[in-house]
$ cat entry-v8.pdb   # PDB, C-alpha atoms
ATOM      1  CA  MET C   1      -2.120 -26.837  -5.174
ATOM      2  CA  ASN C   2      -0.398 -30.180  -4.657
ATOM      3  CA  ASP C   3       2.851 -30.945  -2.896
ATOM      4  CA  ASN C   4       5.189 -32.664  -5.356
ATOM      5  CA  ALA C   5       7.464 -35.591  -4.609
ATOM      6  CA  PHE C   6      10.103 -33.316  -3.099
ATOM      7  CA  GLY C   7       7.660 -31.495  -0.884
ATOM      8  CA  ILE C   8       7.762 -28.300  -2.922
ATOM      9  CA  ARG C   9       4.549 -26.569  -3.999
ATOM     10  CA  ASP C  10       4.087 -24.643  -7.232
ATOM     11  CA  GLY C  11       5.739 -21.250  -6.869
ATOM     12  CA  GLU C  12       8.130 -22.293  -4.139
ATOM     13  CA  ILE C  13      11.893 -21.909  -4.555
ATOM     14  CA  ALA C  14      14.647 -24.037  -2.998
ATOM     15  CA  ILE C  15      18.337 -23.148  -3.085
ATOM     16  CA  GLU C  16      21.536 -25.113  -2.567
ATOM     17  CA  LEU C  17      22.454 -25.246   1.110
ATOM     18  CA  PRO C  18      25.954 -24.353   2.362
ATOM     19  CA  LYS C  19      28.441 -27.247   2.203
ATOM     20  CA  GLN C  20      29.011 -27.309   5.956
ATOM     21  CA  PHE C  21      27.499 -26.366   9.267
ATOM     22  CA  ASP C  22      28.845 -23.592  11.481
ATOM     23  CA  ALA C  23      27.682 -24.504  15.004
ATOM     24  CA  SER C  24      25.932 -27.277  16.912
ATOM     25  CA  LEU C  25      23.087 -27.710  19.363
ATOM     26  CA  TYR C  26      22.175 -29.850  22.341
ATOM     27  CA  PHE C  27      18.594 -30.948  22.800
ATOM     28  CA  ILE C  28      17.898 -30.033  26.440
ATOM     29  CA  GLY C  29      14.614 -31.934  26.640
ATOM     30  CA  ARG C  30      11.390 -32.708  24.797
ATOM     31  CA  ILE C  31       8.038 -30.998  24.458
ATOM     32  CA  ARG C  32       4.952 -33.049  25.245
ATOM     33  CA  THR C  33       1.797 -31.952  23.442
ATOM     34  CA  PRO C  34      -1.523 -33.607  22.563
ATOM     35  CA  TRP C  35      -0.698 -33.477  18.814
ATOM     36  CA  LYS C  36       0.797 -36.597  17.215
ATOM     37  CA  HIS C  37       0.395 -35.612  13.543
ATOM     38  CA  ARG C  38       0.991 -32.358  11.739
ATOM     39  CA  ASP C  39      -2.659 -32.055  10.735
ATOM     40  CA  ASP C  40      -3.715 -32.185  14.397
ATOM     41  CA  CYS C  41      -1.641 -29.161  15.403
ATOM     42  CA  PRO C  42      -3.468 -25.857  15.945
ATOM     43  CA  LYS C  43      -2.804 -23.375  13.138
ATOM     44  CA  ASN C  44      -1.227 -20.992  15.611
ATOM     45  CA  ALA C  45      -0.529 -20.940  19.302
ATOM     46  CA  ARG C  46      -3.371 -18.586  20.228
ATOM     47  CA  GLU C  47      -5.862 -21.122  18.896
ATOM     48  CA  SER C  48      -5.333 -23.542  21.750
ATOM     49  CA  GLU C  49      -5.614 -23.455  25.526
ATOM     50  CA  GLU C  50      -4.143 -26.960  25.843
ATOM     51  CA  ILE C  51      -1.568 -27.398  28.587
ATOM     52  CA  CYS C  52       1.706 -28.726  27.186
ATOM     53  CA  THR C  53       4.795 -29.885  29.086
ATOM     54  CA  LEU C  54       8.404 -28.817  28.680
ATOM     55  CA  GLU C  55      10.291 -31.912  29.865
ATOM     56  CA  VAL C  56      13.728 -30.588  30.738
ATOM     57  CA  ASP C  57      16.525 -33.172  31.015
ATOM     58  CA  PRO C  58      17.408 -33.543  34.759
ATOM     59  CA  ARG C  59      21.003 -32.627  33.826
ATOM     60  CA  TRP C  60      19.834 -28.983  33.654
ATOM     61  CA  LYS C  61      17.711 -28.988  36.823
ATOM     62  CA  GLN C  62      19.535 -26.136  38.582
ATOM     63  CA  GLY C  63      19.127 -24.015  35.473
ATOM     64  CA  LEU C  64      15.416 -23.769  36.298
ATOM     65  CA  THR C  65      16.006 -21.897  39.589
ATOM     66  CA  GLY C  66      13.818 -18.806  39.535
ATOM     67  CA  VAL C  67      11.856 -19.784  36.423
ATOM     68  CA  GLU C  68       8.789 -20.327  38.629
ATOM     69  CA  THR C  69       8.599 -16.558  39.236
ATOM     70  CA  CYS C  70       8.031 -15.859  35.509
ATOM     71  CA  SER C  71       4.492 -15.421  34.209
ATOM     72  CA  ASN C  72       5.599 -15.966  30.606
ATOM     73  CA  LEU C  73       8.532 -17.652  28.898
ATOM     74  CA  VAL C  74      10.228 -17.621  25.516
ATOM     75  CA  VAL C  75      10.591 -21.209  24.301
ATOM     76  CA  LEU C  76      12.968 -22.170  21.493
ATOM     77  CA  TYR C  77      12.563 -25.590  19.899
ATOM     78  CA  TRP C  78      13.771 -27.572  16.912
ATOM     79  CA  MET C  79      11.406 -28.254  14.027
ATOM     80  CA  ASP C  80      13.299 -31.377  13.089
ATOM     81  CA  ARG C  81      11.000 -32.513  10.296
ATOM     82  CA  SER C  82      11.315 -29.441   8.089
ATOM     83  CA  ARG C  83      13.334 -28.880   4.941
ATOM     84  CA  ARG C  84      15.935 -26.136   5.258
ATOM     85  CA  ASP C  85      16.482 -25.010   1.675
ATOM     86  CA  LEU C  86      13.272 -23.105   0.869
ATOM     87  CA  VAL C  87      13.623 -19.357   0.344
ATOM     88  CA  LEU C  88      10.200 -18.679  -1.190
ATOM     89  CA  GLN C  89       7.194 -20.474   0.266
ATOM     90  CA  MET C  90       3.560 -20.818  -0.611
ATOM     91  CA  PRO C  91       1.660 -21.329   2.635
ATOM     92  CA  ARG C  92      -1.530 -23.241   1.979
ATOM     93  CA  HIS C  93      -3.932 -20.435   2.832
ATOM     94  CA  TYR C  94      -2.219 -17.579   0.969
ATOM     95  CA  LYS C  95      -2.223 -16.738  -2.710
ATOM     96  CA  VAL C  96       1.312 -15.442  -3.297
ATOM     97  CA  GLY C  97       4.805 -16.620  -2.395
ATOM     98  CA  ARG C  98       6.448 -15.147   0.694
ATOM     99  CA  GLY C  99      10.071 -15.118   1.727
ATOM    100  CA  THR C 100      11.042 -17.569   4.437
ATOM    101  CA  PHE C 101      12.119 -14.707   6.722
ATOM    102  CA  ALA C 102       8.701 -13.045   6.366
ATOM    103  CA  LEU C 103       7.001 -16.262   7.561
ATOM    104  CA  ARG C 104       6.852 -18.278  10.781
ATOM    105  CA  SER C 105       6.857 -21.523   8.778
ATOM    106  CA  PRO C 106       9.010 -24.321  10.258
ATOM    107  CA  ALA C 107      10.852 -24.621   6.921
ATOM    108  CA  ARG C 108      13.890 -22.313   7.254
ATOM    109  CA  PRO C 109      17.699 -22.611   7.107
ATOM    110  CA  ASN C 110      17.784 -23.050  10.890
ATOM    111  CA  PRO C 111      14.431 -24.570  11.871
ATOM    112  CA  ILE C 112      14.327 -22.959  15.321
ATOM    113  CA  ALA C 113      10.801 -22.063  16.387
ATOM    114  CA  MET C 114      10.128 -19.333  18.952
ATOM    115  CA  SER C 115       6.951 -19.344  21.020
ATOM    116  CA  VAL C 116       5.841 -17.123  23.859
ATOM    117  CA  VAL C 117       4.062 -19.268  26.450
ATOM    118  CA  ARG C 118       2.246 -18.757  29.723
ATOM    119  CA  LEU C 119       3.713 -20.726  32.623
ATOM    120  CA  VAL C 120       0.976 -22.469  34.599
ATOM    121  CA  GLY C 121       2.973 -24.831  36.806
ATOM    122  CA  VAL C 122       6.329 -26.370  37.685
ATOM    123  CA  GLU C 123       6.697 -30.039  38.714
ATOM    124  CA  GLY C 124      10.357 -30.869  39.215
ATOM    125  CA  THR C 125      11.987 -30.436  35.808
ATOM    126  CA  ASN C 126       8.622 -30.385  33.998
ATOM    127  CA  LEU C 127       7.119 -27.012  33.140
ATOM    128  CA  LYS C 128       3.408 -26.837  32.350
ATOM    129  CA  VAL C 129       2.740 -24.159  29.748
ATOM    130  CA  VAL C 130       0.000 -22.827  27.483
ATOM    131  CA  GLY C 131       0.698 -21.405  24.016
ATOM    132  CA  LEU C 132       2.404 -24.099  21.957
ATOM    133  CA  ASP C 133       1.287 -25.618  18.657
ATOM    134  CA  CYS C 134       4.047 -28.159  17.941
ATOM    135  CA  LEU C 135       4.137 -31.931  17.566
ATOM    136  CA  ASP C 136       4.502 -34.219  20.579
ATOM    137  CA  GLY C 137       8.164 -35.082  21.122
ATOM    138  CA  THR C 138       9.589 -31.899  19.577
ATOM    139  CA  PRO C 139      13.183 -31.293  20.792
ATOM    140  CA  LEU C 140      13.593 -28.411  23.237
ATOM    141  CA  LEU C 141      16.498 -25.971  22.770
ATOM    142  CA  ASP C 142      16.103 -23.131  25.251
ATOM    143  CA  ILE C 143      13.861 -21.442  27.813
ATOM    144  CA  LYS C 144      14.153 -17.725  28.607
ATOM    145  CA  PRO C 145      12.259 -15.302  30.855
ATOM    146  CA  TYR C 146       9.915 -13.052  28.855
ATOM    147  CA  PHE C 147      10.488  -9.374  29.645
ATOM    148  CA  ALA C 148       7.613  -7.121  28.591
ATOM    149  CA  SER C 149      10.019  -4.162  28.569
ATOM    150  CA  THR C 150      12.024  -5.539  25.628
ATOM    151  CA  ASP C 151       9.848  -8.298  24.133
ATOM    152  CA  ALA C 152       6.325  -6.815  23.980
ATOM    153  CA  VAL C 153       5.460  -4.622  20.989
ATOM    154  CA  PRO C 154       1.641  -4.539  21.011
ATOM    155  CA  ASP C 155       1.383  -2.223  17.985
ATOM    156  CA  ALA C 156       3.694  -4.242  15.714
ATOM    157  CA  VAL C 157       2.415  -4.756  12.163
ATOM    158  CA  VAL C 158       3.070  -7.488   9.586
ATOM    159  CA  GLY C 159       1.988  -5.601   6.488
ATOM    160  CA  TRP C 160       1.582  -8.529   4.075
ATOM    161  CA  HIS C 161      -0.554 -10.357   6.617
ATOM    162  CA  THR C 162      -2.869  -7.405   7.207
ATOM    163  CA  GLU C 163      -3.367  -6.968   3.448
ATOM    164  CA  GLU C 164      -3.978 -10.669   2.919
ATOM    165  CA  LYS C 165      -6.901 -10.574   5.341
ATOM    166  CA  SER C 166      -8.495  -7.379   3.973
TER     167      SER C 166
ATOM    168  CA  MET Q   1      33.294 -10.710  43.062
ATOM    169  CA  ASN Q   2      36.112 -11.803  40.739
ATOM    170  CA  ASP Q   3      35.971 -14.133  37.783
ATOM    171  CA  ASN Q   4      38.333 -17.046  38.371
ATOM    172  CA  ALA Q   5      40.634 -18.580  35.796
ATOM    173  CA  PHE Q   6      37.802 -20.627  34.331
ATOM    174  CA  GLY Q   7      35.447 -17.706  34.022
ATOM    175  CA  ILE Q   8      33.224 -18.836  36.886
ATOM    176  CA  ARG Q   9      32.241 -16.422  39.646
ATOM    177  CA  ASP Q  10      31.689 -17.372  43.283
ATOM    178  CA  GLY Q  11      28.318 -19.065  43.605
ATOM    179  CA  GLU Q  12      28.106 -20.163  39.977
ATOM    180  CA  ILE Q  13      27.688 -23.818  39.047
ATOM    181  CA  ALA Q  14      28.884 -25.582  35.901
ATOM    182  CA  ILE Q  15      27.880 -29.102  34.891
ATOM    183  CA  GLU Q  16      29.282 -31.677  32.504
ATOM    184  CA  LEU Q  17      27.957 -31.145  28.993
ATOM    185  CA  PRO Q  18      26.434 -33.989  26.947
ATOM    186  CA  LYS Q  19      28.993 -36.075  25.041
ATOM    187  CA  GLN Q  20      27.597 -35.191  21.638
ATOM    188  CA  PHE Q  21      25.566 -32.646  19.766
ATOM    189  CA  ASP Q  22      22.087 -33.321  18.399
ATOM    190  CA  ALA Q  23      21.660 -30.848  15.534
ATOM    191  CA  SER Q  24      23.596 -28.273  13.550
ATOM    192  CA  LEU Q  25      23.245 -24.685  12.396
ATOM    193  CA  TYR Q  26      24.147 -22.540   9.418
ATOM    194  CA  PHE Q  27      25.216 -18.950   9.983
ATOM    195  CA  ILE Q  28      23.027 -17.035   7.505
ATOM    196  CA  GLY Q  29      24.905 -13.761   7.890
ATOM    197  CA  ARG Q  30      26.520 -11.408  10.382
ATOM    198  CA  ILE Q  31      25.281  -8.583  12.570
ATOM    199  CA  ARG Q  32      27.076  -5.257  12.313
ATOM    200  CA  THR Q  33      26.925  -3.111  15.444
ATOM    201  CA  PRO Q  34      28.997  -0.206  16.818
ATOM    202  CA  TRP Q  35      30.252  -2.381  19.721
ATOM    203  CA  LYS Q  36      33.655  -4.074  19.358
ATOM    204  CA  HIS Q  37      34.163  -5.149  22.983
ATOM    205  CA  ARG Q  38      31.826  -6.684  25.502
ATOM    206  CA  ASP Q  39      32.137  -3.684  27.852
ATOM    207  CA  ASP Q  40      30.940  -1.344  25.091
ATOM    208  CA  CYS Q  41      27.622  -3.168  24.594
ATOM    209  CA  PRO Q  42      24.501  -1.587  26.053
ATOM    210  CA  LYS Q  43      23.213  -3.472  29.108
ATOM    211  CA  ASN Q  44      20.002  -4.237  27.284
ATOM    212  CA  ALA Q  45      18.512  -3.502  23.931
ATOM    213  CA  ARG Q  46      16.142  -0.780  25.084
ATOM    214  CA  GLU Q  47      19.121   1.291  26.226
ATOM    215  CA  SER Q  48      20.267   2.092  22.722
ATOM    216  CA  GLU Q  49      18.757   3.741  19.677
ATOM    217  CA  GLU Q  50      21.777   2.828  17.531
ATOM    218  CA  ILE Q  51      20.984   1.498  14.077
ATOM    219  CA  CYS Q  52      22.547  -1.925  13.525
ATOM    220  CA  THR Q  53      22.695  -3.969  10.315
ATOM    221  CA  LEU Q  54      21.638  -7.540   9.680
ATOM    222  CA  GLU Q  55      23.929  -8.558   6.801
ATOM    223  CA  VAL Q  56      22.153 -11.537   5.265
ATOM    224  CA  ASP Q  57      24.256 -13.767   3.002
ATOM    225  CA  PRO Q  58      23.118 -13.151  -0.627
ATOM    226  CA  ARG Q  59      22.405 -16.893  -0.888
ATOM    227  CA  TRP Q  60      19.190 -16.218   1.077
ATOM    228  CA  LYS Q  61      18.137 -13.072  -0.807
ATOM    229  CA  GLN Q  62      14.734 -14.363  -1.922
ATOM    230  CA  GLY Q  63      13.965 -15.325   1.670
ATOM    231  CA  LEU Q  64      13.656 -11.625   2.468
ATOM    232  CA  THR Q  65      10.638 -11.120   0.149
ATOM    233  CA  GLY Q  66       7.952  -9.409   2.191
ATOM    234  CA  VAL Q  67      10.158  -8.669   5.208
ATOM    235  CA  GLU Q  68      10.021  -4.971   4.294
ATOM    236  CA  THR Q  69       6.317  -4.916   5.257
ATOM    237  CA  CYS Q  70       7.117  -5.832   8.886
ATOM    238  CA  SER Q  71       7.433  -3.100  11.500
ATOM    239  CA  ASN Q  72       9.236  -5.421  13.919
ATOM    240  CA  LEU Q  73      11.249  -8.608  13.620
ATOM    241  CA  VAL Q  74      12.396 -11.436  15.857
ATOM    242  CA  VAL Q  75      16.149 -11.893  15.404
ATOM    243  CA  LEU Q  76      17.962 -15.047  16.512
ATOM    244  CA  TYR Q  77      21.745 -14.958  16.734
ATOM    245  CA  TRP Q  78      24.622 -17.011  18.075
ATOM    246  CA  MET Q  79      26.512 -15.841  21.137
ATOM    247  CA  ASP Q  80      29.638 -17.645  20.035
ATOM    248  CA  ARG Q  81      31.904 -16.486  22.856
ATOM    249  CA  SER Q  82      29.875 -17.878  25.761
ATOM    250  CA  ARG Q  83      30.435 -20.968  27.869
ATOM    251  CA  ARG Q  84      27.619 -23.500  27.636
ATOM    252  CA  ASP Q  85      27.898 -25.447  30.887
ATOM    253  CA  LEU Q  86      26.629 -22.951  33.507
ATOM    254  CA  VAL Q  87      23.351 -23.816  35.218
ATOM    255  CA  LEU Q  88      23.500 -21.292  38.077
ATOM    256  CA  GLN Q  89      24.814 -17.815  37.301
ATOM    257  CA  MET Q  90      25.685 -14.740  39.287
ATOM    258  CA  PRO Q  91      25.072 -11.740  37.054
ATOM    259  CA  ARG Q  92      27.273  -8.846  38.088
ATOM    260  CA  HIS Q  93      24.500  -6.578  39.337
ATOM    261  CA  TYR Q  94      22.485  -9.122  41.332
ATOM    262  CA  LYS Q  95      23.107 -10.590  44.775
ATOM    263  CA  VAL Q  96      21.912 -14.177  44.404
ATOM    264  CA  GLY Q  97      22.411 -16.966  41.908
ATOM    265  CA  ARG Q  98      19.778 -17.453  39.221
ATOM    266  CA  GLY Q  99      19.135 -20.410  36.977
ATOM    267  CA  THR Q 100      20.302 -20.076  33.396
ATOM    268  CA  PHE Q 101      16.720 -20.481  32.129
ATOM    269  CA  ALA Q 102      15.552 -17.601  34.358
ATOM    270  CA  LEU Q 103      18.170 -15.294  32.776
ATOM    271  CA  ARG Q 104      18.810 -13.777  29.349
ATOM    272  CA  SER Q 105      22.569 -14.229  29.841
ATOM    273  CA  PRO Q 106      24.462 -15.401  26.717
ATOM    274  CA  ALA Q 107      25.877 -18.328  28.739
ATOM    275  CA  ARG Q 108      23.427 -21.214  28.174
ATOM    276  CA  PRO Q 109      23.537 -24.752  26.717
ATOM    277  CA  ASN Q 110      22.494 -23.387  23.322
ATOM    278  CA  PRO Q 111      23.736 -19.786  23.200
ATOM    279  CA  ILE Q 112      20.957 -18.547  20.935
ATOM    280  CA  ALA Q 113      19.934 -14.969  21.698
ATOM    281  CA  MET Q 114      16.487 -13.637  20.803
ATOM    282  CA  SER Q 115      15.905  -9.929  20.263
ATOM    283  CA  VAL Q 116      12.850  -8.052  19.099
ATOM    284  CA  VAL Q 117      13.946  -5.250  16.793
ATOM    285  CA  ARG Q 118      12.342  -2.390  14.910
ATOM    286  CA  LEU Q 119      12.967  -2.486  11.156
ATOM    287  CA  VAL Q 120      13.998   0.952   9.874
ATOM    288  CA  GLY Q 121      15.224   0.144   6.365
ATOM    289  CA  VAL Q 122      16.087  -2.485   3.765
ATOM    290  CA  GLU Q 123      19.058  -2.109   1.380
ATOM    291  CA  GLY Q 124      19.412  -5.234  -0.750
ATOM    292  CA  THR Q 125      20.205  -8.046   1.695
ATOM    293  CA  ASN Q 126      21.045  -5.623   4.517
ATOM    294  CA  LEU Q 127      18.354  -4.861   7.075
ATOM    295  CA  LYS Q 128      18.736  -1.739   9.210
ATOM    296  CA  VAL Q 129      17.290  -2.334  12.666
ATOM    297  CA  VAL Q 130      17.085  -0.774  16.124
ATOM    298  CA  GLY Q 131      17.058  -2.823  19.325
ATOM    299  CA  LEU Q 132      20.223  -4.942  19.406
ATOM    300  CA  ASP Q 133      22.941  -4.993  22.054
ATOM    301  CA  CYS Q 134      25.384  -7.580  20.670
ATOM    302  CA  LEU Q 135      29.006  -7.454  19.532
ATOM    303  CA  ASP Q 136      29.949  -6.471  16.003
ATOM    304  CA  GLY Q 137      30.310  -9.578  13.822
ATOM    305  CA  THR Q 138      27.866 -11.758  15.779
ATOM    306  CA  PRO Q 139      26.623 -14.670  13.615
ATOM    307  CA  LEU Q 140      23.004 -14.412  12.464
ATOM    308  CA  LEU Q 141      20.749 -17.490  12.674
ATOM    309  CA  ASP Q 142      17.214 -16.445  11.778
ATOM    310  CA  ILE Q 143      14.831 -13.576  11.100
ATOM    311  CA  LYS Q 144      11.082 -13.890  11.712
ATOM    312  CA  PRO Q 145       8.117 -11.536  11.438
ATOM    313  CA  TYR Q 146       6.940 -10.319  14.867
ATOM    314  CA  PHE Q 147       3.208 -10.889  15.347
ATOM    315  CA  ALA Q 148       1.702  -8.825  18.163
ATOM    316  CA  SER Q 149      -1.159 -11.346  18.373
ATOM    317  CA  THR Q 150       1.102 -14.164  19.590
ATOM    318  CA  ASP Q 151       4.349 -12.452  20.645
ATOM    319  CA  ALA Q 152       3.255  -9.397  22.660
ATOM    320  CA  VAL Q 153       2.416  -9.920  26.350
ATOM    321  CA  PRO Q 154       2.565  -6.401  27.807
ATOM    322  CA  ASP Q 155       1.598  -7.498  31.334
ATOM    323  CA  ALA Q 156       4.176 -10.293  31.636
ATOM    324  CA  VAL Q 157       6.088 -10.386  34.930
ATOM    325  CA  VAL Q 158       9.529 -11.715  35.835
ATOM    326  CA  GLY Q 159       9.032 -12.047  39.582
ATOM    327  CA  TRP Q 160      12.666 -12.305  40.684
ATOM    328  CA  HIS Q 161      13.536  -9.215  38.656
ATOM    329  CA  THR Q 162      10.719  -7.133  40.136
ATOM    330  CA  GLU Q 163      11.787  -8.110  43.678
ATOM    331  CA  GLU Q 164      15.447  -7.414  42.945
ATOM    332  CA  LYS Q 165      14.640  -3.833  42.004
ATOM    333  CA  SER Q 166      12.326  -3.103  44.945
TER     334      SER Q 166
END

$ encode --input "entry-v8.pdb" --output "structure tokens"
Amino acid sequence: MNDNAFGIRDGEIAIELPKQFDASLYFIGRIRTPWKHRDDCPKNARESEEICTLEVDPRWKQGLTGVETCSNLVVLYWMDRSRRDLVLQMPRHYKVGRGTFALRSPARPNPIAMSVVRLVGVEGTNLKVVGLDCLDGTPLLDIKPYFASTDAVPDAVVGWHTEEKS
Amino acid sequence: MNDNAFGIRDGEIAIELPKQFDASLYFIGRIRTPWKHRDDCPKNARESEEICTLEVDPRWKQGLTGVETCSNLVVLYWMDRSRRDLVLQMPRHYKVGRGTFALRSPARPNPIAMSVVRLVGVEGTNLKVVGLDCLDGTPLLDIKPYFASTDAVPDAVVGWHTEEKS
């Protein structure tokens, strides 16, 4: 299956995007990772034990107060190289099209990625973390404490994914 | 502790925001909840078993293909009534200031909330879910499948929160 000139694979569907945006974002820093090209990135975050760095802009320094007491963090970042108009996608390793909202693909109307990371160190406004799979230089949007009480659902199921593997 | 005219409490710190934005968002729908005023909202999502509705704009209908096979979803939404310049905050029930990135407060440079919800039904482009605590009409940004393999960390600790309670 080949990507065509517009970056759409056979079976994928793009729609017309809304005429205007509704809200705007600040990049609060950058993510430093060992991966310079998309093909270098691990397929998912559990595949790698590499330590990556959340470089938070010094402007937000005081916002990090207390973060060092968290074992795990929710990281939101901006997948700035992705198209935003795909509704049906054909991930390379699957046989049938899936809806964008049933996938963790970076291509989505708002290309905000969410990763749960393990915090391994704090050096000034740099946070050392394990659990990312994004390109070096990816814009950082937000950092949140991870609460097991509301965020951990160990028995959650993604039905299409389970079937795909069986 | 009283809010002052600018909505800052004693001990809170606001900074100057960047002069310009870096990226923009589409609202892909609205969230319908039973809560019309901030004081009505549950303190956190595990406090309520109310069924809420993710009303996805029909434009994105095909993006929902396969979502019905997910037991749980990650929902991103826009806390559009929050100030964005606070770095140190004094949540009402705590005694000391905490950094914005150590809190799940809606006040943050990019007021994107993340909730893990349980999917209880799909009706066209409306998803019925349990696990939200936001105001009725909140703008929806993204829906993702929740993968226990990467998203569930049942033994995660938020140190400051544990100490606060003890």

$ residues_around --input "entry-v8.pdb" --residues "Arg92 (chain Q)" --least-positions-apart "2" --cutoff "12 Å" --atoms "only C-alpha atoms" --output "PyMOL selection string"
chain Q and resi 1-3+8-12+43+89-90+94-98+105

$ write_last_selection --input "entry-v8.pdb" --atoms "C-alpha atoms" --output "CSV table (one decimal), in the coordinates of the input"
chain,number,residue,atom,x,y,z
Q,1,MET,CA,33.3,-10.7,43.1
Q,2,ASN,CA,36.1,-11.8,40.7
Q,3,ASP,CA,36.0,-14.1,37.8
Q,8,ILE,CA,33.2,-18.8,36.9
Q,9,ARG,CA,32.2,-16.4,39.6
Q,10,ASP,CA,31.7,-17.4,43.3
Q,11,GLY,CA,28.3,-19.1,43.6
Q,12,GLU,CA,28.1,-20.2,40.0
Q,43,LYS,CA,23.2,-3.5,29.1
Q,89,GLN,CA,24.8,-17.8,37.3
Q,90,MET,CA,25.7,-14.7,39.3
Q,94,TYR,CA,22.5,-9.1,41.3
Q,95,LYS,CA,23.1,-10.6,44.8
Q,96,VAL,CA,21.9,-14.2,44.4
Q,97,GLY,CA,22.4,-17.0,41.9
Q,98,ARG,CA,19.8,-17.5,39.2
Q,105,SER,CA,22.6,-14.2,29.8

$ interface_residues --input "entry-v8.pdb" --of "chain C" --to "chain Q" --cutoff "7 Å" --atoms "only C-alpha atoms" --output "JSON list (two decimals) with C-alpha atoms, in the frame of the given file"
[["chain", "number", "residue", "atom", "x", "y", "z"],
["C", 21, "PHE", "CA", 27.50, -26.37, 9.27],
["C", 22, "ASP", "CA", 28.84, -23.59, 11.48],
["C", 23, "ALA", "CA", 27.68, -24.50, 15.00],
["C", 24, "SER", "CA", 25.93, -27.28, 16.91],
["C", 25, "LEU", "CA", 23.09, -27.71, 19.36],
["C", 26, "TYR", "CA", 22.18, -29.85, 22.34],
["C", 27, "PHE", "CA", 18.59, -30.95, 22.80],
["C", 45, "ALA", "CA", -0.53, -20.94, 19.30],
["C", 46, "ARG", "CA", -3.37, -18.59, 20.23],
["C", 60, "TRP", "CA", 19.83, -28.98, 33.65],
["C", 62, "GLN", "CA", 19.54, -26.14, 38.58],
["C", 63, "GLY", "CA", 19.13, -24.02, 35.47],
["C", 64, "LEU", "CA", 15.42, -23.77, 36.30],
["C", 65, "THR", "CA", 16.01, -21.90, 39.59],
["C", 66, "GLY", "CA", 13.82, -18.81, 39.53],
["C", 67, "VAL", "CA", 11.86, -19.78, 36.42],
["C", 69, "THR", "CA", 8.60, -16.56, 39.24],
["C", 70, "CYS", "CA", 8.03, -15.86, 35.51],
["C", 71, "SER", "CA", 4.49, -15.42, 34.21],
["C", 72, "ASN", "CA", 5.60, -15.97, 30.61],
["C", 87, "VAL", "CA", 13.62, -19.36, 0.34],
["C", 88, "LEU", "CA", 10.20, -18.68, -1.19],
["C", 98, "ARG", "CA", 6.45, -15.15, 0.69],
["C", 99, "GLY", "CA", 10.07, -15.12, 1.73],
["C", 100, "THR", "CA", 11.04, -17.57, 4.44],
["C", 101, "PHE", "CA", 12.12, -14.71, 6.72],
["C", 102, "ALA", "CA", 8.70, -13.04, 6.37],
["C", 103, "LEU", "CA", 7.00, -16.26, 7.56],
["C", 104, "ARG", "CA", 6.85, -18.28, 10.78],
["C", 109, "PRO", "CA", 17.70, -22.61, 7.11],
["C", 110, "ASN", "CA", 17.78, -23.05, 10.89],
["C", 116, "VAL", "CA", 5.84, -17.12, 23.86],
["C", 141, "LEU", "CA", 16.50, -25.97, 22.77],
["C", 142, "ASP", "CA", 16.10, -23.13, 25.25],
["C", 143, "ILE", "CA", 13.86, -21.44, 27.81],
["C", 144, "LYS", "CA", 14.15, -17.73, 28.61],
["C", 145, "PRO", "CA", 12.26, -15.30, 30.86],
["C", 146, "TYR", "CA", 9.91, -13.05, 28.86],
["C", 147, "PHE", "CA", 10.49, -9.37, 29.64],
["C", 148, "ALA", "CA", 7.61, -7.12, 28.59],
["C", 150, "THR", "CA", 12.02, -5.54, 25.63],
["C", 151, "ASP", "CA", 9.85, -8.30, 24.13],
["C", 152, "ALA", "CA", 6.32, -6.82, 23.98],
["C", 153, "VAL", "CA", 5.46, -4.62, 20.99],
["C", 154, "PRO", "CA", 1.64, -4.54, 21.01],
["C", 155, "ASP", "CA", 1.38, -2.22, 17.98],
["C", 156, "ALA", "CA", 3.69, -4.24, 15.71],
["C", 157, "VAL", "CA", 2.42, -4.76, 12.16],
["C", 158, "VAL", "CA", 3.07, -7.49, 9.59],
["C", 159, "GLY", "CA", 1.99, -5.60, 6.49],
["C", 160, "TRP", "CA", 1.58, -8.53, 4.08]]

$ resolve_selection --input "entry-v8.pdb" --expression "the PyMOL selection byres ((chain C and resi 130) around 8)" --output "PyMOL selection string"
chain C and resi 48-52+117-120+128-129+131-132

$ write_last_selection --input "entry-v8.pdb" --atoms "C-alpha atoms" --output "JSON list (two decimals), keeping the file's coordinate frame"
[["chain", "number", "residue", "atom", "x", "y", "z"],
["C", 48, "SER", "CA", -5.33, -23.54, 21.75],
["C", 49, "GLU", "CA", -5.61, -23.46, 25.53],
["C", 50, "GLU", "CA", -4.14, -26.96, 25.84],
["C", 51, "ILE", "CA", -1.57, -27.40, 28.59],
["C", 52, "CYS", "CA", 1.71, -28.73, 27.19],
["C", 117, "VAL", "CA", 4.06, -19.27, 26.45],
["C", 118, "ARG", "CA", 2.25, -18.76, 29.72],
["C", 119, "LEU", "CA", 3.71, -20.73, 32.62],
["C", 120, "VAL", "CA", 0.98, -22.47, 34.60],
["C", 128, "LYS", "CA", 3.41, -26.84, 32.35],
["C", 129, "VAL", "CA", 2.74, -24.16, 29.75],
["C", 131, "GLY", "CA", 0.70, -21.40, 24.02],
["C", 132, "LEU", "CA", 2.40, -24.10, 21.96]]

$ atom_distance --input "entry-v8.pdb" --atom1 "CA of Arg83 (chain Q)" --atom2 "CA of Thr53 (chain Q)"
25.6 Å

$ atom_distance --input "entry-v8.pdb" --atom1 "CA of His93 (chain Q)" --atom2 "CA of Glu164 (chain Q)"
9.8 Å

$ residues_around --input "entry-v8.pdb" --residues "Leu127 (chain C)" --least-positions-apart "6" --cutoff "7 Å" --atoms "all atoms listed in the file" --output "list in words"
Thr53, Leu54, Glu55 and Gly121 of chain C
